[in-house]
Structure formats: C-alpha cells, structure tokens
file my_file_39.cif (mmCIF, C-alpha atoms and all ligand atoms)
data_my_file
#
loop_
_atom_site.label_atom_id
_atom_site.label_comp_id
_atom_site.auth_asym_id
_atom_site.auth_seq_id
_atom_site.Cartn_x
_atom_site.Cartn_y
_atom_site.Cartn_z
CA MET I 95 232.06 367.56 127.54
CA ARG I 96 235.33 369.12 128.71
CA VAL I 97 233.62 372.37 129.65
CA ALA I 98 230.95 370.50 131.58
CA ARG I 99 233.61 368.62 133.49
CA LEU I 100 235.39 371.86 134.43
CA VAL I 101 232.30 373.53 135.86
CA LEU I 102 230.92 370.43 137.52
CA PRO I 103 232.93 370.45 140.78
CA ALA I 104 231.90 374.00 141.67
CA LEU I 105 228.29 373.31 140.77
CA ALA I 106 228.23 370.08 142.77
CA ALA I 107 229.63 371.86 145.82
CA ALA I 108 226.97 374.55 145.63
CA LEU I 109 224.23 371.96 145.36
CA LEU I 110 225.67 370.06 148.26
CA LEU I 111 225.48 373.11 150.51
CA LEU I 112 221.87 373.65 149.63
CA VAL I 113 220.70 370.10 150.18
CA ALA I 114 223.21 368.90 152.77
CA PRO I 115 220.83 368.74 155.76
CA GLY I 116 219.08 365.38 155.66
CA ARG I 117 220.62 364.47 152.33
CA ALA I 118 220.70 360.71 151.72
CA ALA I 119 223.97 359.04 150.79
CA ALA I 120 224.58 358.92 147.04
CA ALA I 121 223.05 355.78 145.56
CA GLY I 122 225.62 353.28 144.34
CA PRO I 123 225.09 350.37 141.98
CA VAL I 124 222.82 347.51 143.12
CA TYR I 125 223.23 344.02 141.72
CA SER I 126 220.42 341.92 143.15
CA GLY I 127 216.98 342.06 144.73
CA THR I 128 214.05 339.79 145.42
CA GLY I 129 213.73 337.49 142.42
CA TRP I 130 216.34 339.20 140.23
CA LYS I 131 220.09 339.30 139.85
CA ILE I 132 222.46 341.17 137.57
CA ALA I 133 225.03 339.12 135.63
CA THR I 134 228.15 340.56 137.26
CA LYS I 135 229.70 337.10 136.90
CA ASP I 136 229.60 337.77 133.14
CA GLY I 137 231.08 341.26 133.66
CA ILE I 138 227.80 343.10 133.06
CA HIS I 139 226.82 345.75 135.62
CA SER I 140 224.51 348.02 133.63
CA LEU I 141 222.51 348.70 130.49
CA SER I 142 223.37 351.57 128.17
CA PRO I 143 220.77 354.25 127.34
CA LYS I 144 221.98 354.00 123.71
CA SER I 145 219.75 351.77 121.54
CA TYR I 146 220.34 348.06 120.92
CA VAL I 147 219.38 346.17 117.77
CA PHE I 148 218.21 342.59 117.28
CA THR I 149 219.64 340.80 114.24
CA PHE I 150 219.34 337.16 113.18
CA ALA I 151 221.81 334.35 112.63
CA SER I 152 220.11 333.12 109.42
CA THR I 153 217.07 333.81 107.28
CA SER I 154 215.22 330.85 108.81
CA SER I 155 216.06 332.15 112.31
CA ARG I 156 214.72 335.55 111.26
CA THR I 157 211.47 334.03 110.00
CA LYS I 158 210.96 332.03 113.18
CA LEU I 159 212.16 334.53 115.77
CA THR I 160 211.07 337.95 114.50
CA PRO I 161 207.72 337.89 116.38
CA TYR I 162 209.48 336.83 119.59
CA ALA I 163 212.13 339.52 119.17
CA GLN I 164 209.48 342.17 118.53
CA ALA I 165 207.57 341.28 121.68
CA VAL I 166 210.64 341.25 123.91
CA ALA I 167 212.04 344.43 122.30
CA ALA I 168 208.79 346.30 122.95
CA GLN I 169 208.77 345.30 126.61
CA LEU I 170 212.48 346.07 127.10
CA THR I 171 211.99 349.51 125.55
CA ALA I 172 208.98 350.21 127.76
CA VAL I 173 210.61 349.00 130.98
CA THR I 174 214.15 350.35 130.56
CA GLY I 175 213.68 353.49 128.46
CA THR I 176 216.52 352.25 126.24
CA LYS I 177 215.31 351.68 122.69
CA PHE I 178 215.41 348.09 121.41
CA VAL I 179 214.96 347.79 117.66
CA VAL I 180 214.29 344.64 115.62
CA SER I 181 216.09 344.67 112.27
CA THR I 182 215.95 342.30 109.31
CA THR I 183 219.74 341.97 109.27
CA VAL I 184 221.24 338.50 109.00
CA GLU I 185 224.74 338.11 110.41
CA THR I 186 226.85 335.20 111.58
CA PRO I 187 227.55 335.13 115.31
CA PRO I 188 231.27 335.36 116.08
CA ALA I 189 233.35 332.55 117.53
CA VAL I 190 232.82 331.82 121.22
CA GLY I 191 235.08 334.18 123.15
CA SER I 192 234.58 337.00 120.63
CA CYS I 193 231.85 339.62 120.49
CA PRO I 194 229.56 340.93 117.72
CA ALA I 195 229.25 344.59 116.69
CA GLU I 196 228.44 346.97 119.54
CA HIS I 197 224.83 346.72 120.78
CA HIS I 198 223.96 343.89 118.37
CA LEU I 199 221.84 341.09 119.84
CA ILE I 200 221.95 338.17 117.39
CA LEU I 201 219.23 335.52 117.72
CA GLY I 202 219.43 332.12 116.10
CA VAL I 203 217.64 328.79 116.12
CA LYS I 204 219.71 325.64 116.17
CA TYR I 205 219.13 321.98 117.07
CA ARG I 206 220.62 321.35 120.52
CA PRO I 207 223.12 324.24 120.35
CA VAL I 208 225.04 323.00 123.38
CA GLY I 209 224.49 319.32 122.67
CA THR I 210 221.93 318.84 125.43
CA LYS I 211 218.26 318.14 124.86
CA GLY I 212 216.13 321.24 125.43
CA MET I 213 219.06 323.55 126.23
CA SER I 214 219.54 327.01 124.74
CA ARG I 215 222.48 329.31 125.38
CA ALA I 216 223.25 333.00 125.44
CA TYR I 217 226.72 334.44 124.90
CA ASN I 218 226.89 337.95 126.28
CA CYS I 219 229.58 340.62 126.24
CA PHE I 220 230.23 343.76 128.27
CA THR I 221 231.87 347.05 127.39
CA ASP I 222 235.49 346.84 128.44
CA ARG I 223 236.41 350.54 128.29
CA ALA I 224 237.69 351.12 131.82
CA GLY I 225 237.06 354.64 133.01
CA SER I 226 234.31 355.33 130.47
CA VAL I 227 230.68 355.85 131.47
CA ASP I 228 229.61 352.62 129.77
CA TYR I 229 232.30 350.47 131.40
CA ARG I 230 230.68 347.08 132.12
CA ALA I 231 227.45 348.00 130.34
CA ALA I 232 225.87 345.20 128.29
CA TRP I 233 227.68 345.27 124.94
CA GLY I 234 225.51 342.79 123.06
CA GLY I 235 225.96 339.14 122.15
CA TRP I 236 224.09 336.27 120.63
CA ALA I 237 221.80 333.44 121.68
CA TRP I 238 221.04 330.07 120.21
CA ILE I 239 217.51 328.85 120.87
CA ASP I 240 217.01 325.08 120.73
CA SER I 241 214.84 324.20 117.72
CA GLU I 242 213.24 321.34 119.66
CA TYR I 243 210.95 323.86 121.39
CA TRP I 244 208.87 323.99 118.21
CA TYR I 245 208.28 320.23 118.19
CA ALA I 246 204.63 319.45 118.93
CA ASN I 247 203.74 319.81 122.63
CA TRP I 248 207.42 320.20 123.59
CA PHE I 249 206.68 322.05 126.82
CA SER I 250 203.06 321.12 127.39
CA THR I 251 200.03 319.46 125.83
CA ASN I 252 198.14 322.64 126.77
CA ALA I 253 198.56 324.80 123.66
CA THR I 254 198.43 328.09 125.59
CA VAL I 255 201.04 326.99 128.11
CA ASN I 256 203.21 325.49 125.37
CA SER I 257 203.28 328.66 123.32
CA ALA I 258 203.90 330.84 126.41
CA ARG I 259 206.84 328.65 127.41
CA ILE I 260 208.49 328.96 123.99
CA LYS I 261 208.22 332.75 124.31
CA ASN I 262 209.56 332.59 127.85
CA ALA I 263 212.56 330.54 126.69
CA VAL I 264 213.48 333.22 124.13
CA THR I 265 212.93 336.01 126.67
CA HIS I 266 215.12 334.16 129.20
CA GLU I 267 218.07 334.09 126.78
CA VAL I 268 217.54 337.73 125.81
CA GLY I 269 217.54 338.52 129.54
CA HIS I 270 221.05 337.09 129.75
CA LEU I 271 222.16 339.20 126.78
CA VAL I 272 221.01 342.43 128.42
CA GLY I 273 222.62 341.54 131.74
CA LEU I 274 220.33 339.45 133.92
CA ASP I 275 221.55 336.33 135.70
CA HIS I 276 219.57 333.48 137.24
CA PRO I 277 218.09 334.74 140.54
CA ASN I 278 218.07 331.29 142.16
CA LYS I 279 218.67 331.50 145.90
CA ASP I 280 218.70 329.12 148.88
CA LEU I 281 215.26 330.23 150.05
CA ASP I 282 214.55 327.08 152.09
CA LYS I 283 217.97 327.32 153.81
CA ASP I 284 218.92 323.72 153.15
CA GLY I 285 222.38 324.81 152.07
CA VAL I 286 221.73 324.19 148.38
CA VAL I 287 220.66 326.62 145.67
CA GLU I 288 218.28 324.43 143.73
CA ASP I 289 216.70 324.50 140.30
CA TYR I 290 213.43 326.48 140.35
CA GLU I 291 214.33 327.93 143.79
CA CYS I 292 213.45 331.55 143.09
CA ALA I 293 211.21 334.17 144.74
CA ARG I 294 207.84 333.97 142.96
CA THR I 295 205.48 336.72 141.84
CA THR I 296 202.44 337.44 144.00
CA GLY I 297 200.51 335.33 141.47
CA GLY I 298 202.84 332.39 142.09
CA TYR I 299 204.90 332.55 138.89
CA LEU I 300 208.64 331.99 138.84
CA PRO I 301 210.74 334.83 137.39
CA VAL I 302 211.38 334.22 133.69
CA MET I 303 215.11 334.31 134.54
CA CYS I 304 214.83 331.46 137.09
CA ALA I 305 217.08 328.50 136.21
CA PRO I 306 216.95 326.10 134.53
CA GLY I 307 214.06 327.69 132.64
CA LEU I 308 210.32 327.06 132.73
CA GLY I 309 209.86 330.33 134.63
CA GLY I 310 207.56 333.11 133.50
CA TYR I 311 203.87 333.62 132.94
CA THR I 312 201.96 330.89 131.14
CA THR I 313 198.89 332.84 130.03
CA SER I 314 198.15 333.76 126.41
CA THR I 315 198.44 337.50 127.11
CA SER I 316 201.50 337.51 129.40
CA GLY I 317 203.57 334.58 128.13
CA GLY I 318 207.03 335.80 127.09
CA LYS I 319 207.00 338.83 129.35
CA PHE I 320 209.62 339.56 131.96
CA THR I 321 207.64 339.06 135.19
CA SER I 322 207.13 341.53 138.02
CA ARG I 323 210.15 339.85 139.68
CA ASP I 324 212.39 340.38 136.64
CA THR I 325 211.49 343.96 135.72
CA PRO I 326 213.05 345.63 138.80
CA GLY I 327 216.33 344.01 137.70
CA LEU I 328 215.97 345.50 134.23
CA LYS I 329 215.31 348.94 135.71
CA GLN I 330 218.30 348.60 138.04
CA LEU I 331 220.56 347.76 135.08
CA VAL I 332 219.72 351.21 133.69
CA ALA I 333 220.10 352.87 137.12
CA ASN I 334 223.58 351.31 137.41
CA TYR I 335 224.76 352.96 134.17
CA GLY I 336 227.76 355.16 134.81
CA LEU I 337 228.25 353.81 138.32
CA GLY I 338 231.03 351.40 137.33
ZN ZN Y 401 219.69 330.91 131.84
#
call {"tool": "encode", "arguments": {"input": "my_file_39.cif", "output": "structure tokens"}}
result
Amino acid sequence: MRVARLVLPALAAALLLLVAPGRAAAAGPVYSGTGWKIATKDGIHSLSPKSYVFTFASTSSRTKLTPYAQAVAAQLTAVTGTKFVVSTTVETPPAVGSCPAEHHLILGVKYRPVGTKGMSRAYNCFTDRAGSVDYRAAWGGWAWIDSEYWYANWFSTNATVNSARIKNAVTHEVGHLVGLDHPNKDLDKDGVVEDYECARTTGGYLPVMCAPGLGGYTTSTSGGKFTSRDTPGLKQLVANYGLG
C-alpha cells in the first residue's frame, strides 16, 4: 500500500496529461436521485466492497426469516457486486446506540418492536474511521420485523399481495441497514413531504424504500425485490465508496 501511494502522484499526473483535453470533472459522491436517497442522516455514505453477513436474533427469527434474507442477499449481491452471505449464526443485537460486529446484519422478529402496531425498525451503523477508505460506509446493524405481519391477511386478503408485502417489509428494513433512506419528496409542491409521496416505477410501483412502507412490487415473482427506483441508489452506494 505504501509503495502504491508513493508512485501514485506521478502516475496520476502522467494520465492527466494524456486525457486532459475534454476530460470530465472527477465524479464525486452522489446521495440522491429519482426515487432513491442515501441515508446520510444516519451517517452512511457508501457500501463497502467487502462482504456482509446476515445473522439472526434468535432461532425462531432464523427459522422465519432465512428465506427472506436469502432472497434479499441474492439481489444485493447481484446489484452491488458486494457479496451478501446468509449464515445460521444466532446473536443478540446490541443495546440501542451500540453496534454489532463489523458487517453483521442481524435480523429478528418481535411483536411490535417499537410499540406501534405494524411498525418495524432498523438500527444501522456506519464506519467511523475518519481518513480511511471505508469512512462512512455501512458498518452493519440490526432490524426488528414486526411479528404481526404473519397474522392472517395482515397486509391484504389477496394472498399474492399479502406475501409480497411481507417480503417488501423485510427488504425495506434491510435497505436501511445497507444505507438507503426514505426517498419521499414533495412531488406535488404543496409544501409537505407526505407518506407514499415517492417517484414511482414506470409500472406504477412505489420504491420499496418509500415511507411509511407498503412500497415495492406486489407480484409473486417480484415481491420483496428492490424496485427499479431503488436499485440505482444501491449502485450509487458502491460508487460512493472511498469518496468520503
Ligand atoms: Zn423505513
């Protein structure tokens, strides 16, 4: 690493001379786009290229959430290029205000984890090593998914829609853990950023990260997936790595 750093300035200068005419300005970090937003308010600016691992808060959480974790891990790996692995590890989430082991994403099921009907919650952390390449990269965290979602017809009497919405709820919380925020925006210019006010997909779906939930695809094949509005945000998280 030290050797690379020593030779880099000379190399960069040589490259600059070669490509200087018409060269675009160096790309800096980007934190929002149409239908997506990065959770800078939580301190997260980027996603690390080093792998992340899903663990579970209890054995019952593992039984219930493993299929959901596997689906979201596969998509995150495909979209970001960072490897997301689902383990069988059971570990207790730390106290609020603390963080789990580096790159651990702990998923748990709990009845009304924040005391409100139908509400889940993600607790995310960022890497606080100022000056390092992974400064403000998603560190990991944990999420409590409300157990009420598995009550009969919780989201819908349509079985397909109901099952897609449960998947979307899990994906939404995982989205927060990896560094996505709610992309809600005052699109109708009435001066208020409202619930469900998010740029939709061309097919009319809300981004899965839209607050207060109920975003995402509702089909049997695409339920639980980050939508075409969310995925550019995931890609940008990776592009922001090393840019502070
Ligand atoms: Zn949320």
call {"tool": "closest_atom_pairs", "arguments": {"input": "my_file_39.cif", "of": "chain I", "to": "ligand ZN 401 (chain Y)", "cutoff": "9 Å", "atoms": "all atoms listed in the file", "output": "Markdown table"}}
result
| residue | atom | partner | partner_atom | distance |
| --- | --- | --- | --- | --- |
| I:Ser214 | CA | Y:ZN401 | ZN | 8.1 |
| I:Arg215 | CA | Y:ZN401 | ZN | 7.2 |
| I:Ala216 | CA | Y:ZN401 | ZN | 7.6 |
| I:Ala263 | CA | Y:ZN401 | ZN | 8.8 |
| I:His266 | CA | Y:ZN401 | ZN | 6.2 |
| I:Glu267 | CA | Y:ZN401 | ZN | 6.2 |
| I:Gly269 | CA | Y:ZN401 | ZN | 8.2 |
| I:His270 | CA | Y:ZN401 | ZN | 6.7 |
| I:Leu274 | CA | Y:ZN401 | ZN | 8.8 |
| I:Asp275 | CA | Y:ZN401 | ZN | 6.9 |
| I:His276 | CA | Y:ZN401 | ZN | 6.0 |
| I:Met303 | CA | Y:ZN401 | ZN | 6.3 |
| I:Cys304 | CA | Y:ZN401 | ZN | 7.2 |
| I:Ala305 | CA | Y:ZN401 | ZN | 5.6 |
| I:Pro306 | CA | Y:ZN401 | ZN | 6.2 |
| I:Gly307 | CA | Y:ZN401 | ZN | 6.5 |
call {"tool": "write_last_selection", "arguments": {"input": "my_file_39.cif", "atoms": "C-alpha atoms", "output": "mmCIF file, keeping the file's coordinate frame"}}
result
data_model
loop_
_atom_site.group_PDB
_atom_site.id
_atom_site.type_symbol
_atom_site.label_atom_id
_atom_site.label_comp_id
_atom_site.auth_asym_id
_atom_site.auth_seq_id
_atom_site.Cartn_x
_atom_site.Cartn_y
_atom_site.Cartn_z
ATOM 1 C CA SER I 214 219.540 327.010 124.740
ATOM 2 C CA ARG I 215 222.480 329.310 125.380
ATOM 3 C CA ALA I 216 223.250 333.000 125.440
ATOM 4 C CA ALA I 263 212.560 330.540 126.690
ATOM 5 C CA HIS I 266 215.120 334.160 129.200
ATOM 6 C CA GLU I 267 218.070 334.090 126.780
ATOM 7 C CA GLY I 269 217.540 338.520 129.540
ATOM 8 C CA HIS I 270 221.050 337.090 129.750
ATOM 9 C CA LEU I 274 220.330 339.450 133.920
ATOM 10 C CA ASP I 275 221.550 336.330 135.700
ATOM 11 C CA HIS I 276 219.570 333.480 137.240
ATOM 12 C CA MET I 303 215.110 334.310 134.540
ATOM 13 C CA CYS I 304 214.830 331.460 137.090
ATOM 14 C CA ALA I 305 217.080 328.500 136.210
ATOM 15 C CA PRO I 306 216.950 326.100 134.530
ATOM 16 C CA GLY I 307 214.060 327.690 132.640
#
call {"tool": "residues_around", "arguments": {"input": "my_file_39.cif", "residues": "I:Thr171", "least_positions_apart": "2", "cutoff": "12 Å", "atoms": "only C-alpha atoms", "output": "PyMOL selection string"}}
result
chain I and resi 141-147+163-169+173-180+272+325+328-329+332
call {"tool": "closest_residue", "arguments": {"input": "my_file_39.cif", "among": "I:Asn247, I:Ser140, I:Thr186, I:Thr149", "to": "I:Leu199", "atoms": "only C-alpha atoms"}}
result
I:Thr149
call {"tool": "residues_around", "arguments": {"input": "my_file_39.cif", "residues": "I:His139", "least_positions_apart": "5", "cutoff": "10 Å", "atoms": "all atoms listed in the file", "output": "ChimeraX atom specification"}}
result
/I:123-125,132-134,220-221,228-232,272-274,330-338
call {"tool": "write_last_selection", "arguments": {"input": "my_file_39.cif", "atoms": "C-alpha atoms", "output": "mmCIF file, in the frame of the given file"}}
result
data_model
loop_
_atom_site.group_PDB
_atom_site.id
_atom_site.type_symbol
_atom_site.label_atom_id
_atom_site.label_comp_id
_atom_site.auth_asym_id
_atom_site.auth_seq_id
_atom_site.Cartn_x
_atom_site.Cartn_y
_atom_site.Cartn_z
ATOM 1 C CA PRO I 123 225.090 350.370 141.980
ATOM 2 C CA VAL I 124 222.820 347.510 143.120
ATOM 3 C CA TYR I 125 223.230 344.020 141.720
ATOM 4 C CA ILE I 132 222.460 341.170 137.570
ATOM 5 C CA ALA I 133 225.030 339.120 135.630
ATOM 6 C CA THR I 134 228.150 340.560 137.260
ATOM 7 C CA PHE I 220 230.230 343.760 128.270
ATOM 8 C CA THR I 221 231.870 347.050 127.390
ATOM 9 C CA ASP I 228 229.610 352.620 129.770
ATOM 10 C CA TYR I 229 232.300 350.470 131.400
ATOM 11 C CA ARG I 230 230.680 347.080 132.120
ATOM 12 C CA ALA I 231 227.450 348.000 130.340
ATOM 13 C CA ALA I 232 225.870 345.200 128.290
ATOM 14 C CA VAL I 272 221.010 342.430 128.420
ATOM 15 C CA GLY I 273 222.620 341.540 131.740
ATOM 16 C CA LEU I 274 220.330 339.450 133.920
ATOM 17 C CA GLN I 330 218.300 348.600 138.040
ATOM 18 C CA LEU I 331 220.560 347.760 135.080
ATOM 19 C CA VAL I 332 219.720 351.210 133.690
ATOM 20 C CA ALA I 333 220.100 352.870 137.120
ATOM 21 C CA ASN I 334 223.580 351.310 137.410
ATOM 22 C CA TYR I 335 224.760 352.960 134.170
ATOM 23 C CA GLY I 336 227.760 355.160 134.810
ATOM 24 C CA LEU I 337 228.250 353.810 138.320
ATOM 25 C CA GLY I 338 231.030 351.400 137.330
#
call {"tool": "closest_residue", "arguments": {"input": "my_file_39.cif", "among": "I:Ile239, I:Ala253, I:Cys292, I:Leu281", "to": "I:Thr312", "atoms": "all atoms listed in the file"}}
result
I:Ala253
call {"tool": "closest_residue", "arguments": {"input": "my_file_39.cif", "among": "I:Gly310, I:Gly317, I:Gly202, I:Pro187", "to": "I:Gly235", "atoms": "all atoms listed in the file"}}
result
I:Pro187
call {"tool": "atom_distance", "arguments": {"input": "my_file_39.cif", "atom1": "atom CA of I:Lys261", "atom2": "atom CA of I:Lys319"}}
result
8.0 Å
call {"tool": "residues_near_point", "arguments": {"input": "my_file_39.cif", "point": "(225.2, 333.6, 116.1)", "cutoff": "7 Å", "atoms": "all atoms listed in the file", "output": "list of chain:residue names"}}
result
I:Ala151, I:Thr186, I:Pro187, I:Pro188, I:Ile200, I:Leu201, I:Gly202, I:Trp236, I:Ala237, I:Trp238
call {"tool": "atom_distance", "arguments": {"input": "my_file_39.cif", "atom1": "atom CA of I:Asn218", "atom2": "atom CA of I:Val302"}}
result
17.6 Å
call {"tool": "closest_residue", "arguments": {"input": "my_file_39.cif", "among": "I:Asp289, I:Glu185, I:Asp136, I:Glu242", "to": "I:Met213", "atoms": "all atoms listed in the file"}}
result
I:Glu242
call {"tool": "closest_residue", "arguments": {"input": "my_file_39.cif", "among": "I:Gly129, I:Cys219, I:Gly191, I:His198", "to": "I:Tyr299", "atoms": "all atoms listed in the file"}}
result
I:Gly129
call {"tool": "residues_near_point", "arguments": {"input": "my_file_39.cif", "point": "(201.2, 331.9, 124.0)", "cutoff": "6 Å", "atoms": "only C-alpha atoms", "output": "PyMOL selection string"}}
result
chain I and resi 254+257-258+314+317
call {"tool": "atom_distance", "arguments": {"input": "my_file_39.cif", "atom1": "atom CA of I:Glu291", "atom2": "atom CA of I:Gly127"}}
result
14.4 Å
call {"tool": "closest_residue", "arguments": {"input": "my_file_39.cif", "among": "I:Pro161, I:Ala293, I:Gly137, I:Ala172", "to": "I:Arg223", "atoms": "only C-alpha atoms"}}
result
I:Gly137
call {"tool": "residues_around", "arguments": {"input": "my_file_39.cif", "residues": "I:Lys204", "least_positions_apart": "3", "cutoff": "6 Å", "atoms": "all atoms listed in the file", "output": "PyMOL selection string"}}
result
chain I and resi 207+240-241
call {"tool": "decode", "arguments": {"input": "my_file_39.cif", "residues": "stretch 193-226 of chain I", "atoms": "N, CA and C atoms", "output": "compact mmCIF listing (two decimals), in the first residue's frame"}}
result
# COMPACT_ATOMS: atom_id res chain seq x y z
N CYS I 193 -23.21 -0.93 18.33
CA CYS I 193 -23.20 -1.56 17.01
C CYS I 193 -22.75 -3.01 17.12
N PRO I 194 -23.23 -3.88 16.23
CA PRO I 194 -22.80 -5.28 16.25
C PRO I 194 -21.41 -5.41 15.63
N ALA I 195 -20.94 -6.65 15.46
CA ALA I 195 -19.65 -6.89 14.82
C ALA I 195 -19.67 -6.32 13.40
N GLU I 196 -18.50 -5.96 12.90
CA GLU I 196 -18.39 -5.32 11.60
C GLU I 196 -19.02 -6.17 10.50
N HIS I 197 -19.86 -5.54 9.70
CA HIS I 197 -20.54 -6.13 8.54
C HIS I 197 -21.54 -7.23 8.91
N HIS I 198 -21.99 -7.23 10.16
CA HIS I 198 -23.06 -8.15 10.57
C HIS I 198 -24.40 -7.43 10.44
N LEU I 199 -25.35 -8.10 9.82
CA LEU I 199 -26.71 -7.58 9.66
C LEU I 199 -27.62 -8.57 10.39
N ILE I 200 -28.06 -8.19 11.59
CA ILE I 200 -28.84 -9.12 12.43
C ILE I 200 -30.33 -8.88 12.20
N LEU I 201 -31.04 -9.95 11.86
CA LEU I 201 -32.49 -9.83 11.62
C LEU I 201 -33.25 -10.56 12.72
N GLY I 202 -34.28 -9.92 13.23
CA GLY I 202 -35.09 -10.55 14.26
C GLY I 202 -36.56 -10.24 14.07
N VAL I 203 -37.38 -11.13 14.61
CA VAL I 203 -38.84 -10.94 14.59
C VAL I 203 -39.28 -10.68 16.02
N LYS I 204 -40.11 -9.67 16.19
CA LYS I 204 -40.56 -9.31 17.53
C LYS I 204 -41.95 -8.68 17.41
N TYR I 205 -42.79 -8.89 18.41
CA TYR I 205 -44.12 -8.28 18.41
C TYR I 205 -44.00 -6.78 18.71
N ARG I 206 -44.46 -5.97 17.78
CA ARG I 206 -44.43 -4.51 17.92
C ARG I 206 -43.12 -4.00 18.54
N PRO I 207 -42.01 -4.17 17.82
CA PRO I 207 -40.69 -3.81 18.38
C PRO I 207 -40.55 -2.36 18.83
N VAL I 208 -41.34 -1.44 18.23
CA VAL I 208 -41.25 -0.06 18.70
C VAL I 208 -42.55 0.36 19.39
N GLY I 209 -43.38 -0.64 19.71
CA GLY I 209 -44.59 -0.36 20.47
C GLY I 209 -45.78 0.09 19.64
N THR I 210 -45.58 0.22 18.34
CA THR I 210 -46.64 0.69 17.45
C THR I 210 -47.09 -0.44 16.53
N LYS I 211 -48.38 -0.59 16.39
CA LYS I 211 -48.95 -1.60 15.52
C LYS I 211 -48.36 -1.52 14.11
N GLY I 212 -47.86 -2.65 13.63
CA GLY I 212 -47.39 -2.73 12.24
C GLY I 212 -46.05 -2.09 11.96
N MET I 213 -45.36 -1.60 12.99
CA MET I 213 -44.09 -0.90 12.75
C MET I 213 -42.88 -1.79 13.02
N SER I 214 -41.95 -1.78 12.06
CA SER I 214 -40.66 -2.45 12.22
C SER I 214 -39.61 -1.36 12.36
N ARG I 215 -38.37 -1.77 12.66
CA ARG I 215 -37.34 -0.74 12.83
C ARG I 215 -35.96 -1.29 12.55
N ALA I 216 -35.19 -0.51 11.82
CA ALA I 216 -33.79 -0.87 11.56
C ALA I 216 -32.88 0.05 12.34
N TYR I 217 -31.80 -0.51 12.86
CA TYR I 217 -30.79 0.26 13.58
C TYR I 217 -29.48 0.07 12.83
N ASN I 218 -29.06 1.11 12.12
CA ASN I 218 -27.87 0.96 11.28
C ASN I 218 -26.67 1.71 11.86
N CYS I 219 -25.50 1.29 11.44
CA CYS I 219 -24.25 1.90 11.90
C CYS I 219 -23.40 2.23 10.69
N PHE I 220 -22.46 3.14 10.86
CA PHE I 220 -21.52 3.44 9.77
C PHE I 220 -20.10 3.34 10.31
N THR I 221 -19.15 3.17 9.40
CA THR I 221 -17.76 3.04 9.80
C THR I 221 -17.20 4.42 10.14
N ASP I 222 -16.74 4.54 11.38
CA ASP I 222 -16.32 5.85 11.88
C ASP I 222 -14.79 5.96 11.93
N ARG I 223 -14.14 5.52 10.86
CA ARG I 223 -12.67 5.62 10.82
C ARG I 223 -12.31 6.76 9.88
N ALA I 224 -12.30 7.97 10.40
CA ALA I 224 -12.04 9.15 9.57
C ALA I 224 -10.70 8.99 8.85
N GLY I 225 -10.71 9.32 7.58
CA GLY I 225 -9.47 9.25 6.81
C GLY I 225 -9.27 7.91 6.13
N SER I 226 -10.01 6.88 6.55
CA SER I 226 -9.86 5.57 5.90
C SER I 226 -10.82 5.49 4.71
